[in-house]
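Trainee: File name start.cif; file contents mmCIF, C-alpha atoms; full text below.
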```cif
data_protein
#
loop_
_atom_site.label_atom_id
_atom_site.label_comp_id
_atom_site.auth_asym_id
_atom_site.auth_seq_id
_atom_site.Cartn_x
_atom_site.Cartn_y
_atom_site.Cartn_z
CA MET V 24 99.47 113.51 140.60
CA SER V 25 99.39 111.17 143.58
CA ILE V 26 99.69 112.36 147.17
CA LYS V 27 103.17 110.85 147.43
CA ASP V 28 104.28 112.67 144.25
CA GLU V 29 102.77 115.90 145.58
CA GLN V 30 104.61 115.51 148.88
CA GLU V 31 107.86 114.79 147.07
CA ALA V 32 107.38 117.93 144.98
CA GLU V 33 106.71 119.92 148.18
CA LYS V 34 109.89 118.54 149.74
CA GLN V 35 111.92 119.35 146.63
CA ASP V 36 110.68 122.94 146.52
CA ALA V 37 111.01 123.56 150.25
CA HIS V 38 114.44 121.94 150.48
CA TYR V 39 115.74 123.93 147.53
CA GLU V 40 114.48 127.23 148.95
CA ALA V 41 115.68 126.61 152.52
CA ALA V 42 119.09 125.44 151.30
CA ARG V 43 119.29 128.53 149.08
CA TYR V 44 118.84 130.71 152.16
CA LEU V 45 121.70 128.89 153.87
CA ARG V 46 123.95 129.20 150.81
CA ASN V 47 123.25 132.94 150.72
CA ALA V 48 123.97 133.16 154.44
CA GLU V 49 127.30 131.36 153.94
CA ASP V 50 128.21 133.81 151.18
CA THR V 51 127.38 136.75 153.45
CA LEU V 52 129.40 135.23 156.30
CA LYS V 53 132.47 135.10 154.07
CA LYS V 54 132.28 138.89 153.75
CA ALA V 55 132.62 139.26 157.53
CA GLY V 56 136.32 138.40 157.47
CA GLN V 57 138.15 136.73 160.32
CA ASP V 58 140.42 137.88 163.10
CA GLY V 59 141.75 134.78 164.79
CA LYS V 60 138.83 132.95 166.41
CA TRP V 61 136.44 135.84 165.75
CA PHE V 62 134.60 137.28 162.79
CA ALA V 63 135.74 140.81 162.02
CA ASP V 64 132.50 142.51 160.88
CA LYS V 65 129.43 142.30 163.10
CA LYS V 66 127.03 143.52 160.40
CA TYR V 67 127.74 140.65 158.02
CA VAL V 68 127.52 138.08 160.80
CA SER V 69 124.16 139.48 161.88
CA VAL V 70 122.74 139.43 158.35
CA ALA V 71 124.08 135.92 157.73
CA CYS V 72 122.59 134.58 160.96
CA GLY V 73 119.22 136.18 160.22
CA THR V 74 119.17 134.69 156.74
CA ALA V 75 120.16 131.24 158.00
CA TYR V 76 117.44 131.36 160.66
CA LEU V 77 114.84 132.22 158.02
CA GLY V 78 115.99 129.13 156.11
CA VAL V 79 115.37 127.07 159.24
CA LEU V 80 111.85 128.51 159.54
CA LEU V 81 111.14 127.63 155.91
CA ALA V 82 112.23 124.06 156.61
CA MET V 83 110.10 123.94 159.75
CA ASP V 84 107.07 125.24 157.83
CA ALA V 85 107.59 122.45 155.29
CA ILE V 86 107.95 119.82 158.01
CA PHE V 87 104.75 121.03 159.64
CA LYS V 88 102.90 121.11 156.34
CA LEU V 89 103.95 117.57 155.50
CA ARG V 90 102.75 116.50 158.97
CA ASP V 91 99.45 118.44 158.64
CA VAL V 92 100.27 120.82 161.50
CA LYS V 93 98.06 123.85 161.02
CA PRO V 94 99.34 127.30 161.96
CA PRO V 95 97.32 129.14 164.60
CA LYS V 96 95.30 132.23 163.78
CA GLY V 97 96.90 135.61 164.17
CA ASN V 98 100.50 136.68 164.09
CA TRP V 99 101.98 133.25 164.86
CA ARG V 100 105.37 133.87 163.23
CA GLU V 101 106.34 136.27 166.00
CA SER V 102 106.67 133.48 168.53
CA ILE V 103 109.12 130.61 168.65
CA LYS V 104 106.66 128.94 171.02
CA TYR V 105 104.48 127.71 168.12
CA TYR V 106 107.48 126.12 166.43
CA LEU V 107 108.94 124.54 169.56
CA GLU V 108 105.64 123.09 170.78
CA ASN V 109 104.85 121.50 167.43
CA ALA V 110 108.42 120.32 166.85
CA ALA V 111 108.34 118.58 170.24
CA LYS V 112 105.18 116.74 169.21
CA ILE V 113 106.99 115.44 166.11
CA ASP V 114 110.42 114.64 167.56
CA GLY V 115 112.31 115.69 170.67
CA ARG V 116 115.57 115.97 168.75
CA LEU V 117 113.94 118.29 166.21
CA ALA V 118 112.73 120.52 169.05
CA ARG V 119 116.21 120.54 170.60
CA ASP V 120 117.86 121.39 167.29
CA LEU V 121 115.32 124.13 166.59
CA HIS V 122 115.83 125.65 170.02
CA THR V 123 119.59 125.61 169.55
CA ALA V 124 119.35 127.17 166.08
CA TYR V 125 117.02 129.82 167.51
CA GLU V 126 119.41 130.64 170.35
CA ILE V 127 122.60 130.69 168.27
CA LEU V 128 121.40 132.15 164.97
CA HIS V 129 118.48 134.36 165.93
CA ILE V 130 119.32 135.55 169.42
CA ASP V 131 123.12 135.34 169.70
CA GLY V 132 124.12 135.93 166.08
CA TYR V 133 121.39 138.22 164.79
CA TYR V 134 120.42 140.25 167.86
CA GLU V 135 123.37 140.05 170.25
CA GLY V 136 126.14 140.11 167.66
CA ILE V 137 128.18 137.14 168.86
CA LEU V 138 131.30 136.98 166.67
CA LYS V 139 132.94 133.72 167.80
CA ILE V 140 133.48 131.64 164.66
CA SER V 141 132.99 128.24 166.30
CA THR V 142 129.66 129.27 167.83
CA ILE V 143 128.26 130.65 164.57
CA ARG V 144 129.50 127.58 162.66
CA ASP V 145 127.68 125.35 165.18
CA GLY V 146 124.49 127.28 164.49
CA PHE V 147 124.91 126.85 160.74
CA GLU V 148 125.60 123.12 161.16
CA ILE V 149 122.37 122.67 163.12
CA ALA V 150 120.49 124.69 160.49
CA TYR V 151 121.77 122.33 157.80
CA ASP V 152 120.72 119.35 159.93
CA ILE V 153 117.17 120.69 160.21
CA ILE V 154 116.97 121.39 156.48
CA GLU V 155 118.22 117.89 155.68
CA ARG V 156 115.10 116.53 157.39
CA ILE V 157 113.15 117.60 154.31
CA CYS V 158 115.71 116.31 151.83
CA PRO V 159 113.82 114.87 148.86
CA GLU V 160 114.62 111.64 147.05
CA ARG V 161 115.95 113.74 144.17
CA GLU V 162 117.04 117.34 144.52
CA LEU V 163 115.92 119.93 142.00
CA THR V 164 118.27 121.60 139.57
CA ASP V 165 118.22 125.40 139.38
CA GLU V 166 116.36 125.21 136.05
CA GLU V 167 113.67 122.89 137.42
CA TYR V 168 113.17 125.10 140.45
CA LYS V 169 112.88 128.26 138.34
CA ALA V 170 110.36 126.55 136.07
CA ARG V 171 108.23 125.57 139.08
CA ARG V 172 108.40 129.08 140.52
CA ARG V 173 107.21 130.50 137.21
CA ARG V 174 104.22 128.18 137.43
CA GLY V 175 103.73 129.31 141.03
CA SER V 176 103.70 125.80 142.46
CA TRP V 177 105.76 126.25 145.61
CA VAL V 178 104.90 129.84 146.44
CA GLY V 179 101.21 129.45 145.72
CA ARG V 180 100.81 126.25 147.70
CA LEU V 181 102.75 127.58 150.69
CA ALA V 182 100.82 130.85 150.72
CA ALA V 183 97.51 128.99 150.51
CA TRP V 184 98.54 126.77 153.40
CA LEU V 185 99.78 129.61 155.60
CA PHE V 186 96.95 132.06 155.08
#
```
Rewrite the structure from the file as structure tokens, please.

Mentor:
Amino acid sequence: MSIKDEQEAEKQDAHYEAARYLRNAEDTLKKAGQDGKWFADKKYVSVACGTAYLGVLLAMDAIFKLRDVKPPKGNWRESIKYYLENAAKIDGRLARDLHTAYEILHIDGYYEGILKISTIRDGFEIAYDIIERICPERELTDEEYKARRRRGSWVGRLAAWLF
């Protein structure tokens, strides 16, 4: 398999998984219900925002891997600083989008419990924009993705890269 084919396979796997997180987050958000301009249930909004933010981090990990950005030693996932610094080196717009997704989804939605529908929707829109940066030439079907996971291609390669 050539390097280009390998990178395309990485993009397919990462895009599928990150988009799956966002689809699950959207499903959870529907359970929150609405009351005018506000979501009705804080718990579902918090879970949905946390799930969407994890999808963003999966996409960022894939972007960094494709750009040969190595993670630092130690507990690097605890800090947004690693992500923002490396995103800024790649593209200023990516860093801006990541910071906005972090603020809206992780801080405001997950931790603070912001319930304003338009704000949460903006966070989800930015999350989708970040994930689209790793959109492959051809997206995987569910069956293709499951077959790859059984072979351990995506999980094994990502784990080897991260640790």

Trainee: Which of these residues is nearest to V:Arg43, using only C-alpha atoms: V:Val79, V:Ile130, V:Ile140, V:Ala55?

Mentor: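 Between V:Val79, V:Ile130, V:Ile140, V:Ala55, the residue approaching V:Arg43 most closely is V:Val79.
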
Trainee: For V:Ser69, which of V:Glu49, V:Glu40, V:Glu29, V:Asp152 is the closest residue, counting only C-alpha atoms?

Mentor: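 The answer is V:Glu49, which sits nearest to V:Ser69.
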
Trainee: Would you mind reading off the distance between atom CA of V:Tyr125 and atom CA of V:Lys104, one decimal, in Å?

Mentor: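 These two atoms are separated by 11.0 Å.
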
Trainee: Give the answer as one residue: which of V:Ile153, V:Leu138, V:Pro94, V:Arg46 has the shortest atom-to-atom distance to V:His122, using all atoms listed in the file?

Mentor: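 Looking at the shortest contact to V:His122, the residue is V:Ile153.
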
Trainee: Using atom CA of V:Lys27 and atom CA of V:Asp120 as the two end points, give the distance in Å to one decimal.

Mentor: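 Taking atom CA of V:Lys27 as the start and atom CA of V:Asp120 as the end point, the length is 26.9 Å.
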
Trainee: Would you please work out which residue, of V:Ile86, V:Val68, V:Ile103, V:Ala32, is nearest to V:Asp131 when using all atoms listed in the file?

Mentor: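 Of the candidates, the smallest distance to V:Asp131 is held by V:Val68.
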
Trainee: For V:Gln30, which residue out of V:Ala42, V:Tyr67, V:Ile157, V:Lys93 is the nearest one, using only C-alpha atoms?

Mentor: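 For V:Gln30, the nearest of the given residues is V:Ile157.
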